[in-house]
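Structure file data.cif; described as mmCIF, C-alpha atoms (C1' of nucleotides).
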```
data_query
#
loop_
_atom_site.label_atom_id
_atom_site.label_comp_id
_atom_site.auth_asym_id
_atom_site.auth_seq_id
_atom_site.Cartn_x
_atom_site.Cartn_y
_atom_site.Cartn_z
CA MET A 939 12.23 2.49 4.13
CA THR A 940 8.87 2.99 2.48
CA GLU A 941 9.34 -0.36 0.78
CA ILE A 942 9.40 -2.01 4.17
CA PHE A 943 6.19 -0.25 5.09
CA ALA A 944 4.55 -1.28 1.86
CA ALA A 945 5.47 -4.88 2.49
CA LEU A 946 4.06 -4.84 6.01
CA ALA A 947 0.95 -2.91 5.00
CA GLU A 948 -0.59 -6.04 3.52
CA PRO A 949 -2.43 -7.82 6.37
CA ASN A 950 -1.52 -11.34 5.34
CA ARG A 951 2.11 -10.44 4.95
CA PHE A 952 2.01 -8.88 8.37
CA ARG A 953 0.63 -12.13 9.76
CA ILE A 954 3.40 -14.05 8.05
CA VAL A 955 6.03 -11.82 9.62
CA GLU A 956 4.42 -12.22 13.01
CA LEU A 957 4.47 -15.96 12.59
CA LEU A 958 8.11 -15.94 11.55
CA ARG A 959 8.99 -14.14 14.74
CA SER A 960 8.74 -17.52 16.45
CA GLY A 961 11.38 -18.91 14.12
CA PRO A 962 11.84 -20.16 10.54
CA HIS A 963 8.99 -21.94 8.80
CA PRO A 964 8.55 -23.73 5.46
CA VAL A 965 5.97 -22.42 2.99
CA ASN A 966 3.32 -25.04 3.44
CA ASP A 967 3.48 -24.72 7.18
CA ILE A 968 2.78 -21.00 6.92
CA GLY A 969 -0.13 -21.63 4.57
CA LYS A 970 -1.76 -24.11 6.90
CA ARG A 971 -1.33 -22.07 10.03
CA LEU A 972 -2.65 -18.89 8.46
CA ARG A 973 -5.22 -20.54 6.21
CA LEU A 974 -3.76 -19.17 3.02
CA ASN A 975 -3.49 -20.79 -0.38
CA GLN A 976 0.00 -21.91 -1.24
CA PRO A 977 0.48 -19.63 -4.26
CA GLN A 978 -0.42 -16.54 -2.27
CA VAL A 979 1.99 -17.54 0.46
CA SER A 980 4.78 -17.89 -2.08
CA LYS A 981 3.95 -14.53 -3.59
CA HIS A 982 3.88 -12.79 -0.26
CA LEU A 983 7.17 -14.38 0.70
CA ARG A 984 8.68 -13.19 -2.54
CA VAL A 985 7.72 -9.63 -1.68
CA LEU A 986 9.14 -9.98 1.80
CA LYS A 987 12.33 -11.39 0.35
CA ASN A 988 12.66 -8.60 -2.22
CA VAL A 989 12.59 -5.95 0.47
CA GLY A 990 15.08 -7.92 2.52
CA LEU A 991 12.82 -8.89 5.40
CA VAL A 992 13.34 -12.63 5.00
CA THR A 993 15.81 -15.15 3.63
CA VAL A 994 15.30 -18.65 2.28
CA LYS A 995 17.13 -21.86 2.85
CA PRO A 996 16.24 -25.00 0.94
CA ARG A 997 15.70 -28.22 2.88
CA ALA A 998 14.91 -31.01 0.45
CA GLN A 999 11.86 -29.81 -1.48
CA GLU A 1000 10.96 -27.43 1.27
CA ARG A 1001 11.96 -23.77 1.38
CA VAL A 1002 12.45 -22.55 4.90
CA TYR A 1003 11.87 -18.83 5.35
CA GLU A 1004 13.45 -16.85 8.14
CA LEU A 1005 13.25 -13.25 9.35
CA ARG A 1006 16.33 -11.09 8.85
CA ALA A 1007 17.60 -8.98 11.71
CA LYS A 1008 19.16 -6.11 9.79
CA PRO A 1009 16.11 -4.38 8.28
CA LEU A 1010 14.22 -4.72 11.53
CA LYS A 1011 17.05 -3.10 13.41
CA GLU A 1012 17.22 -0.27 10.89
CA PHE A 1013 13.52 0.08 11.28
CA HIS A 1014 13.91 0.30 15.02
CA ASP A 1015 16.71 2.85 14.71
CA TRP A 1016 14.54 5.03 12.52
CA LEU A 1017 11.74 4.94 15.04
CA GLU A 1018 14.13 5.88 17.82
CA ARG A 1019 14.44 9.32 16.28
CA TYR A 1020 10.80 9.89 17.19
CA ARG A 1021 11.26 8.87 20.79
CA GLN A 1022 11.18 12.45 22.05
CA LEU A 1023 7.53 12.54 21.04
CA TRP A 1024 6.41 10.08 23.66
CA ASP A 1025 9.07 10.38 26.30
CA ALA A 1026 7.62 11.35 29.64
CA ARG A 1027 9.97 14.24 30.10
CA PHE A 1028 8.90 15.74 26.82
CA ALA A 1029 5.23 15.26 27.61
CA GLU A 1030 5.58 17.12 30.87
CA LEU A 1031 7.40 19.94 29.16
CA ASP A 1032 4.65 20.08 26.64
CA GLU A 1033 2.02 20.36 29.34
CA LEU A 1034 3.96 23.14 30.96
CA VAL A 1035 4.08 25.11 27.77
CA VAL A 1036 0.38 24.67 27.19
CA GLY A 1037 -0.25 25.94 30.68
CA LEU A 1038 1.81 29.03 30.16
CA HIS A 1039 0.10 29.61 26.89
CA LYS A 1040 -3.33 29.66 28.43
CA LYS A 1041 -2.41 31.90 31.30
CA GLU A 1042 -0.15 34.38 29.67
CA LYS A 1043 -1.02 34.25 26.02
CA ILE A 1044 2.57 33.84 25.00
CA ASN A 1045 3.32 32.64 21.52
CA ASP A 1046 3.40 28.90 21.13
CA ARG A 1047 7.03 27.90 20.67
CA ARG A 1048 6.01 25.83 17.70
CA LYS A 1049 4.47 28.75 15.87
CA ARG A 1050 5.47 29.02 12.24
CA ASN A 1051 8.30 26.64 12.75
CA MET B 1220 -1.22 -1.67 12.86
CA THR B 1221 -1.25 -2.44 9.15
CA GLU B 1222 -3.13 0.81 8.64
CA ILE B 1223 -0.16 2.69 10.02
CA PHE B 1224 2.11 0.85 7.63
CA ALA B 1225 -0.16 1.60 4.71
CA ALA B 1226 -0.13 5.28 5.58
CA LEU B 1227 3.65 5.40 5.79
CA ALA B 1228 4.14 3.31 2.67
CA GLU B 1229 3.34 6.27 0.47
CA PRO B 1230 6.63 8.15 -0.11
CA ASN B 1231 5.17 11.65 0.07
CA ARG B 1232 3.29 10.83 3.24
CA PHE B 1233 6.49 9.50 4.70
CA ARG B 1234 8.22 12.78 3.86
CA ILE B 1235 5.40 14.69 5.52
CA VAL B 1236 5.79 12.66 8.69
CA GLU B 1237 9.53 13.20 8.66
CA LEU B 1238 8.96 16.91 8.30
CA LEU B 1239 6.47 16.97 11.15
CA ARG B 1240 9.06 15.40 13.40
CA SER B 1241 10.57 18.87 13.70
CA GLY B 1242 7.27 20.21 14.99
CA PRO B 1243 3.79 21.24 13.83
CA HIS B 1244 3.35 22.80 10.40
CA PRO B 1245 0.46 24.36 8.48
CA VAL B 1246 -0.61 22.80 5.20
CA ASN B 1247 0.82 25.37 2.84
CA ASP B 1248 4.15 25.27 4.58
CA ILE B 1249 4.36 21.53 4.06
CA GLY B 1250 3.47 21.91 0.42
CA LYS B 1251 6.17 24.47 -0.22
CA ARG B 1252 8.89 22.63 1.62
CA LEU B 1253 8.15 19.32 -0.04
CA ARG B 1254 7.16 20.76 -3.42
CA LEU B 1255 3.72 19.24 -3.37
CA ASN B 1256 0.46 20.66 -4.67
CA GLN B 1257 -1.87 21.81 -1.96
CA PRO B 1258 -4.72 19.36 -2.68
CA GLN B 1259 -2.37 16.40 -2.47
CA VAL B 1260 -1.00 17.64 0.83
CA SER B 1261 -4.51 17.93 2.23
CA LYS B 1262 -5.37 14.46 1.02
CA HIS B 1263 -2.25 12.92 2.51
CA LEU B 1264 -2.87 14.69 5.76
CA ARG B 1265 -6.38 13.36 5.84
CA VAL B 1266 -5.06 9.82 5.54
CA LEU B 1267 -2.54 10.45 8.29
CA LYS B 1268 -5.27 11.87 10.45
CA ASN B 1269 -7.62 8.96 9.83
CA VAL B 1270 -5.04 6.47 11.07
CA GLY B 1271 -4.35 8.66 14.06
CA LEU B 1272 -0.81 9.72 13.19
CA VAL B 1273 -1.55 13.44 13.28
CA THR B 1274 -3.95 15.95 14.78
CA VAL B 1275 -5.08 19.33 13.53
CA LYS B 1276 -5.51 22.62 15.23
CA PRO B 1277 -7.00 25.60 13.44
CA ARG B 1278 -5.20 28.90 13.56
CA ALA B 1279 -7.18 31.49 11.63
CA GLN B 1280 -7.57 30.04 8.13
CA GLU B 1281 -4.57 27.84 8.65
CA ARG B 1282 -4.70 24.25 9.83
CA VAL B 1283 -1.68 23.28 11.83
CA TYR B 1284 -0.86 19.58 11.73
CA GLU B 1285 1.07 17.85 14.45
CA LEU B 1286 2.39 14.34 15.00
CA ARG B 1287 0.71 12.26 17.69
CA ALA B 1288 2.85 10.40 20.18
CA LYS B 1289 0.59 7.47 20.96
CA PRO B 1290 0.59 5.54 17.68
CA LEU B 1291 4.33 6.03 17.32
CA LYS B 1292 4.88 4.63 20.77
CA GLU B 1293 2.65 1.65 20.04
CA PHE B 1294 4.59 1.20 16.88
CA HIS B 1295 7.80 1.23 18.84
CA ASP B 1296 6.44 -1.22 21.39
CA TRP B 1297 5.46 -3.62 18.66
CA LEU B 1298 8.94 -3.49 17.19
CA GLU B 1299 10.47 -4.14 20.59
CA ARG B 1300 9.08 -7.65 20.45
CA TYR B 1301 11.47 -8.33 17.60
CA ARG B 1302 14.49 -7.05 19.45
CA GLN B 1303 15.82 -10.53 20.15
CA LEU B 1304 16.47 -10.85 16.44
CA TRP B 1305 19.22 -8.27 16.35
CA ASP B 1306 20.46 -8.23 19.90
CA ALA B 1307 24.13 -9.05 20.06
CA ARG B 1308 23.63 -11.63 22.75
CA PHE B 1309 21.15 -13.47 20.64
CA ALA B 1310 23.38 -13.31 17.58
CA GLU B 1311 26.20 -14.92 19.51
CA LEU B 1312 23.92 -17.61 20.79
CA ASP B 1313 22.80 -18.21 17.26
CA GLU B 1314 26.35 -18.63 16.06
CA LEU B 1315 27.00 -21.08 18.85
CA VAL B 1316 24.07 -23.20 17.88
CA VAL B 1317 25.12 -23.21 14.25
CA GLY B 1318 28.55 -24.32 15.33
CA LEU B 1319 27.18 -27.18 17.39
CA HIS B 1320 24.99 -28.16 14.52
CA LYS B 1321 27.88 -28.50 12.12
CA LYS B 1322 30.08 -30.42 14.50
CA GLU B 1323 27.63 -32.67 16.19
CA LYS B 1324 24.71 -32.87 13.78
CA ILE B 1325 22.22 -32.04 16.47
CA ASN B 1326 18.79 -30.96 15.39
CA ASP B 1327 18.39 -27.33 14.69
CA ARG B 1328 16.31 -25.92 17.52
CA ARG B 1329 14.15 -24.14 14.99
CA LYS B 1330 13.36 -27.23 13.04
CA ARG B 1331 9.71 -27.76 12.27
CA ASN B 1332 8.75 -25.25 14.87
"C1'" DG C 849 12.30 -42.44 -15.40
"C1'" DT C 850 7.92 -42.25 -13.03
"C1'" DT C 851 5.26 -40.68 -9.36
"C1'" DG C 852 4.45 -37.73 -5.41
"C1'" DT C 853 5.38 -33.69 -2.66
"C1'" DA C 854 6.69 -28.84 -2.12
"C1'" DT C 855 7.11 -24.53 -4.15
"C1'" DA C 856 7.17 -20.97 -7.79
"C1'" DT C 857 5.25 -18.55 -11.75
"C1'" DG C 858 1.86 -16.79 -15.14
"C1'" DC C 859 -2.57 -14.98 -16.47
"C1'" DC C 860 -6.73 -12.74 -15.42
"C1'" DT C 861 -10.01 -9.86 -13.06
"C1'" DT C 862 -11.14 -6.62 -9.68
"C1'" DG C 863 -10.52 -3.03 -6.26
"C1'" DA C 864 -7.85 0.58 -4.18
"C1'" DC C 865 -5.25 4.58 -4.48
"C1'" DA C 866 -2.34 8.59 -6.18
"C1'" DG C 867 -2.02 12.76 -8.94
"C1'" DG C 868 -4.15 16.62 -11.73
"C1'" DA C 869 -7.52 20.11 -12.31
"C1'" DA C 870 -11.55 22.37 -10.93
"C1'" DT C 871 -14.50 23.73 -7.29
"C1'" DA C 872 -16.39 24.24 -2.57
"C1'" DT C 873 -15.66 25.77 2.24
"C1'" DT C 874 -13.80 28.38 6.05
"C1'" DT C 875 -11.91 32.43 8.00
"C1'" DC C 876 -9.64 36.78 7.81
"C1'" DT C 877 -9.51 41.80 6.42
"C1'" DC C 878 -11.42 45.98 5.17
"C1'" DG D 734 -20.92 41.99 3.04
"C1'" DA D 735 -17.07 41.61 -0.72
"C1'" DG D 736 -12.80 39.92 -1.79
"C1'" DA D 737 -8.68 37.37 -0.52
"C1'" DA D 738 -6.14 33.62 1.61
"C1'" DA D 739 -5.81 28.88 3.27
"C1'" DT D 740 -7.58 24.51 3.07
"C1'" DA D 741 -10.81 20.71 1.87
"C1'" DT D 742 -13.43 18.05 -1.41
"C1'" DT D 743 -14.89 16.14 -5.85
"C1'" DC D 744 -14.36 13.98 -10.27
"C1'" DC D 745 -11.53 11.79 -13.46
"C1'" DT D 746 -7.94 8.75 -15.12
"C1'" DG D 747 -4.09 5.65 -14.98
"C1'" DT D 748 -1.47 2.41 -12.40
"C1'" DC D 749 -0.53 -1.22 -9.39
"C1'" DA D 750 -1.23 -5.02 -6.47
"C1'" DA D 751 -3.90 -9.03 -4.41
"C1'" DG D 752 -6.50 -13.28 -4.91
"C1'" DG D 753 -8.08 -17.34 -7.67
"C1'" DC D 754 -6.82 -20.74 -10.71
"C1'" DA D 755 -3.96 -23.32 -13.70
"C1'" DT D 756 0.54 -24.67 -14.68
"C1'" DA D 757 5.54 -25.07 -14.42
"C1'" DT D 758 9.65 -26.26 -11.81
"C1'" DA D 759 12.57 -28.64 -8.10
"C1'" DC D 760 13.57 -32.44 -5.36
"C1'" DA D 761 12.76 -37.19 -3.45
"C1'" DA D 762 11.74 -42.08 -3.26
"C1'" DC D 763 11.17 -46.18 -5.47
#
```

Please express the file's structure as structure tokens.
Amino acid sequence: MTEIFAALAEPNRFRIVELLRSGPHPVNDIGKRLRLNQPQVSKHLRVLKNVGLVTVKPRAQERVYELRAKPLKEFHDWLERYRQLWDARFAELDELVVGLHKKEKINDRRKRN
Amino acid sequence: MTEIFAALAEPNRFRIVELLRSGPHPVNDIGKRLRLNQPQVSKHLRVLKNVGLVTVKPRAQERVYELRAKPLKEFHDWLERYRQLWDARFAELDELVVGLHKKEKINDRRKRN
DNA sequence: GTTGTATATGCCTTGACAGGAATATTTCTC
DNA sequence: GAGAAATATTCCTGTCAAGGCATATACAAC
């Protein structure tokens, strides 16, 4: 999981992933669109491939890179476990607790958890 | 966005975030549970705070750190834009297109995009 | 096979960052 | 106010990764 984050933490790699969201692209195409030197594009793509975020398919001399669904879905599933944090229902509950806390000086339910 | 990734790319910071999912914790508590030295915990928490992933509330000498909903929701929203990649419907459509491609030699719809 | 195009790899330098240890700061207790 | 507890900050060192540049490899067309 942290490997995925590390891969996406690099701004240019992030841009590459965003570009690939529109579909597969060959290396040179990526370089031109994002104004990156070819070697750096290849290196970034290697990193993305090593963590499983992309796959390659050769087409003549070209190498066409494509986003992989699986790691992104796992990523999404992981984030789902945090949903309670921003769900409206939870937020309201949180407000309620804060209110009670102010008025009645009860212990915060999170105390020492 | 990439700042969030960078923050979560560090394994110990990731563990801290996972721990905080269960609710707010003071620094020392985090250190003991994750077997980390106190200075490192403080440093990691500072990074998490700088990118907006956590907030602090003082309680006597303790500093209680808590996850923030907003960046996690934004994170989630960003990932939603990739949903098409793993949605079953899309996968089926993809298979269909591949099938047509093999049989009829039509152009791949992604070609040269 | 030679040339041209597309991509990958290697080397080098530089900057960023994590952990360890020591120290400073804040707040509580008495 | 003195000492203790909890946390933050600083300095140091080693490691790792990114970009620039040169070069190697793969495939194509003739």

Residues returned when the PyMOL selection byres ((chain C) within 8 of (chain A)) runs on this file, as number ranges by chain: C: 853-856

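If you measure from each of B:Val1283, B:Val1273, B:Pro1243, B:Gln1259 to DT742 (chain D) using all atoms listed in the file, the closest one turns out to be B:Gln1259.
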
Contacts of region 870-874 of chain C at 9 Å (all atoms listed in the file; same-chain gap of 3+ positions) as a list in words: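 Listed by chain and then number, they are Gln1280 of chain B; DA739, DT740, DA741, DT742, DT743 and DC744 of chain D.
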
Per residue of chain D within 8 Å of chain A, what are the shortest atom pair and its distance in Å to one decimal, counting all atoms listed in the file, with rows by chain and residue number, as JSON lines?
```
{"residue": "D:DG752", "atom": "C1'", "partner": "A:Gln978", "partner_atom": "CA", "distance": 7.4}
{"residue": "D:DA759", "atom": "C1'", "partner": "A:Gln999", "partner_atom": "CA", "distance": 6.8}
{"residue": "D:DC760", "atom": "C1'", "partner": "A:Gln999", "partner_atom": "CA", "distance": 5.0}
{"residue": "D:DA761", "atom": "C1'", "partner": "A:Ala998", "partner_atom": "CA", "distance": 7.6}
```

For Glu941 (chain A): contacts at 10 Å, all atoms listed in the file, fewer than 2 positions along chain excluded, given as a PDB file with C-alpha atoms, in the coordinates of the input:
```
ATOM      1  CA  MET A 939      12.230   2.490   4.130  1.00  0.00           C
ATOM      2  CA  PHE A 943       6.190  -0.250   5.090  1.00  0.00           C
ATOM      3  CA  ALA A 944       4.550  -1.280   1.860  1.00  0.00           C
ATOM      4  CA  ALA A 945       5.470  -4.880   2.490  1.00  0.00           C
ATOM      5  CA  LEU A 946       4.060  -4.840   6.010  1.00  0.00           C
ATOM      6  CA  ALA A 947       0.950  -2.910   5.000  1.00  0.00           C
ATOM      7  CA  VAL A 985       7.720  -9.630  -1.680  1.00  0.00           C
ATOM      8  CA  LEU A 986       9.140  -9.980   1.800  1.00  0.00           C
ATOM      9  CA  ASN A 988      12.660  -8.600  -2.220  1.00  0.00           C
ATOM     10  CA  VAL A 989      12.590  -5.950   0.470  1.00  0.00           C
ATOM     11  CA  GLY A 990      15.080  -7.920   2.520  1.00  0.00           C
TER      12      GLY A 990
ATOM     13  CA  LEU B1227       3.650   5.400   5.790  1.00  0.00           C
ATOM     14  CA  ALA B1228       4.140   3.310   2.670  1.00  0.00           C
ATOM     15  CA  GLU B1229       3.340   6.270   0.470  1.00  0.00           C
ATOM     16  CA  PRO B1230       6.630   8.150  -0.110  1.00  0.00           C
TER      17      PRO B1230
END
```

Cut-off 9 Å: closest chain B/chain A atom pairs per residue, using all atoms listed in the file, as JSON lines:
```
{"residue": "B:Met1220", "atom": "CA", "partner": "A:Ala947", "partner_atom": "CA", "distance": 8.2}
{"residue": "B:Thr1221", "atom": "CA", "partner": "A:Ala947", "partner_atom": "CA", "distance": 4.7}
{"residue": "B:Glu1222", "atom": "CA", "partner": "A:Ala947", "partner_atom": "CA", "distance": 6.6}
{"residue": "B:Ile1223", "atom": "CA", "partner": "A:Ala947", "partner_atom": "CA", "distance": 7.6}
{"residue": "B:Phe1224", "atom": "CA", "partner": "A:Ala947", "partner_atom": "CA", "distance": 4.7}
{"residue": "B:Ala1225", "atom": "CA", "partner": "A:Ala947", "partner_atom": "CA", "distance": 4.7}
{"residue": "B:Ala1226", "atom": "CA", "partner": "A:Ala947", "partner_atom": "CA", "distance": 8.3}
{"residue": "B:Leu1227", "atom": "CA", "partner": "A:Phe943", "partner_atom": "CA", "distance": 6.2}
{"residue": "B:Ala1228", "atom": "CA", "partner": "A:Ala944", "partner_atom": "CA", "distance": 4.7}
{"residue": "B:Glu1229", "atom": "CA", "partner": "A:Thr940", "partner_atom": "CA", "distance": 6.7}
{"residue": "B:Pro1230", "atom": "CA", "partner": "A:Thr940", "partner_atom": "CA", "distance": 6.2}
{"residue": "B:Phe1233", "atom": "CA", "partner": "A:Thr940", "partner_atom": "CA", "distance": 7.3}
{"residue": "B:Arg1240", "atom": "CA", "partner": "A:Tyr1020", "partner_atom": "CA", "distance": 6.9}
{"residue": "B:Ser1241", "atom": "CA", "partner": "A:Asn1051", "partner_atom": "CA", "distance": 8.2}
{"residue": "B:Gly1242", "atom": "CA", "partner": "A:Arg1048", "partner_atom": "CA", "distance": 6.4}
{"residue": "B:Pro1243", "atom": "CA", "partner": "A:Arg1048", "partner_atom": "CA", "distance": 6.4}
{"residue": "B:His1244", "atom": "CA", "partner": "A:Asn1051", "partner_atom": "CA", "distance": 6.7}
{"residue": "B:Pro1245", "atom": "CA", "partner": "A:Arg1050", "partner_atom": "CA", "distance": 7.8}
{"residue": "B:Asp1248", "atom": "CA", "partner": "A:Arg1050", "partner_atom": "CA", "distance": 8.6}
{"residue": "B:Leu1286", "atom": "CA", "partner": "A:Leu1023", "partner_atom": "CA", "distance": 8.1}
{"residue": "B:Arg1287", "atom": "CA", "partner": "A:Leu1023", "partner_atom": "CA", "distance": 7.6}
{"residue": "B:Ala1288", "atom": "CA", "partner": "A:Trp1024", "partner_atom": "CA", "distance": 5.0}
{"residue": "B:Lys1289", "atom": "CA", "partner": "A:Trp1024", "partner_atom": "CA", "distance": 6.9}
{"residue": "B:Leu1291", "atom": "CA", "partner": "A:Tyr1020", "partner_atom": "CA", "distance": 7.5}
{"residue": "B:Lys1292", "atom": "CA", "partner": "A:Trp1024", "partner_atom": "CA", "distance": 6.4}
{"residue": "B:Phe1294", "atom": "CA", "partner": "A:Leu1017", "partner_atom": "CA", "distance": 8.3}
{"residue": "B:His1295", "atom": "CA", "partner": "A:Leu1017", "partner_atom": "CA", "distance": 6.6}
{"residue": "B:Leu1298", "atom": "CA", "partner": "A:His1014", "partner_atom": "CA", "distance": 6.6}
{"residue": "B:Glu1299", "atom": "CA", "partner": "A:His1014", "partner_atom": "CA", "distance": 7.9}
{"residue": "B:Arg1300", "atom": "CA", "partner": "A:Arg959", "partner_atom": "CA", "distance": 8.6}
{"residue": "B:Tyr1301", "atom": "CA", "partner": "A:Arg959", "partner_atom": "CA", "distance": 6.9}
{"residue": "B:Arg1302", "atom": "CA", "partner": "A:Lys1011", "partner_atom": "CA", "distance": 7.7}
{"residue": "B:Gln1303", "atom": "CA", "partner": "A:Ala1007", "partner_atom": "CA", "distance": 8.8}
{"residue": "B:Leu1304", "atom": "CA", "partner": "A:Ala1007", "partner_atom": "CA", "distance": 5.2}
{"residue": "B:Trp1305", "atom": "CA", "partner": "A:Ala1007", "partner_atom": "CA", "distance": 5.0}
{"residue": "B:Asp1306", "atom": "CA", "partner": "A:Ala1007", "partner_atom": "CA", "distance": 8.7}
{"residue": "B:Arg1329", "atom": "CA", "partner": "A:Gly961", "partner_atom": "CA", "distance": 6.0}
{"residue": "B:Lys1330", "atom": "CA", "partner": "A:Pro962", "partner_atom": "CA", "distance": 7.7}
{"residue": "B:Arg1331", "atom": "CA", "partner": "A:His963", "partner_atom": "CA", "distance": 6.8}
{"residue": "B:Asn1332", "atom": "CA", "partner": "A:Gly961", "partner_atom": "CA", "distance": 6.9}
```

Atom pair CA of Leu1264 (chain B) / C1' of DA750 (chain D): separation (Å): 23.3 Å

All residues 12 Å or closer to DA762 (chain D), only C-alpha atoms (C1' of nucleotides), same chain fewer than 3 positions away omitted, as an NGL selection string: :C and (850-853)

Between C1' of DG747 (chain D) and CA of Ile1235 (chain B), distance in Å (one decimal):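 Spanning C1' of DG747 (chain D) to CA of Ile1235 (chain B) is a straight-line distance of 24.3 Å.
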
Pairwise distance for C1' of DT861 (chain C) and C1' of DA751 (chain D), rounded to one decimal in Å: 10.6 Å

Nearby residues (all atoms listed in the file) at most 12 Å from DA737 (chain D), same-chain spacing under 6 positions excluded, as a PyMOL selection string: (chain B and resi 1280) or (chain C and resi 875-878)

Selection under test: the PyMOL selection byres ((chain C and resi 858) around 9); residues as a PyMOL selection string: (chain C and resi 857+859) or (chain D and resi 755-756)

Quick one: axis-aligned box around all listed atoms of region 1226-1244 of chain B, 4 Å on every side, centre and edge lengths in Å to one decimal, written as lines of an AutoDock Vina configuration file.
```
center_x = 5.2
center_y = 13.1
center_z = 7.4
size_x = 18.7
size_y = 27.5
size_z = 23.1
```
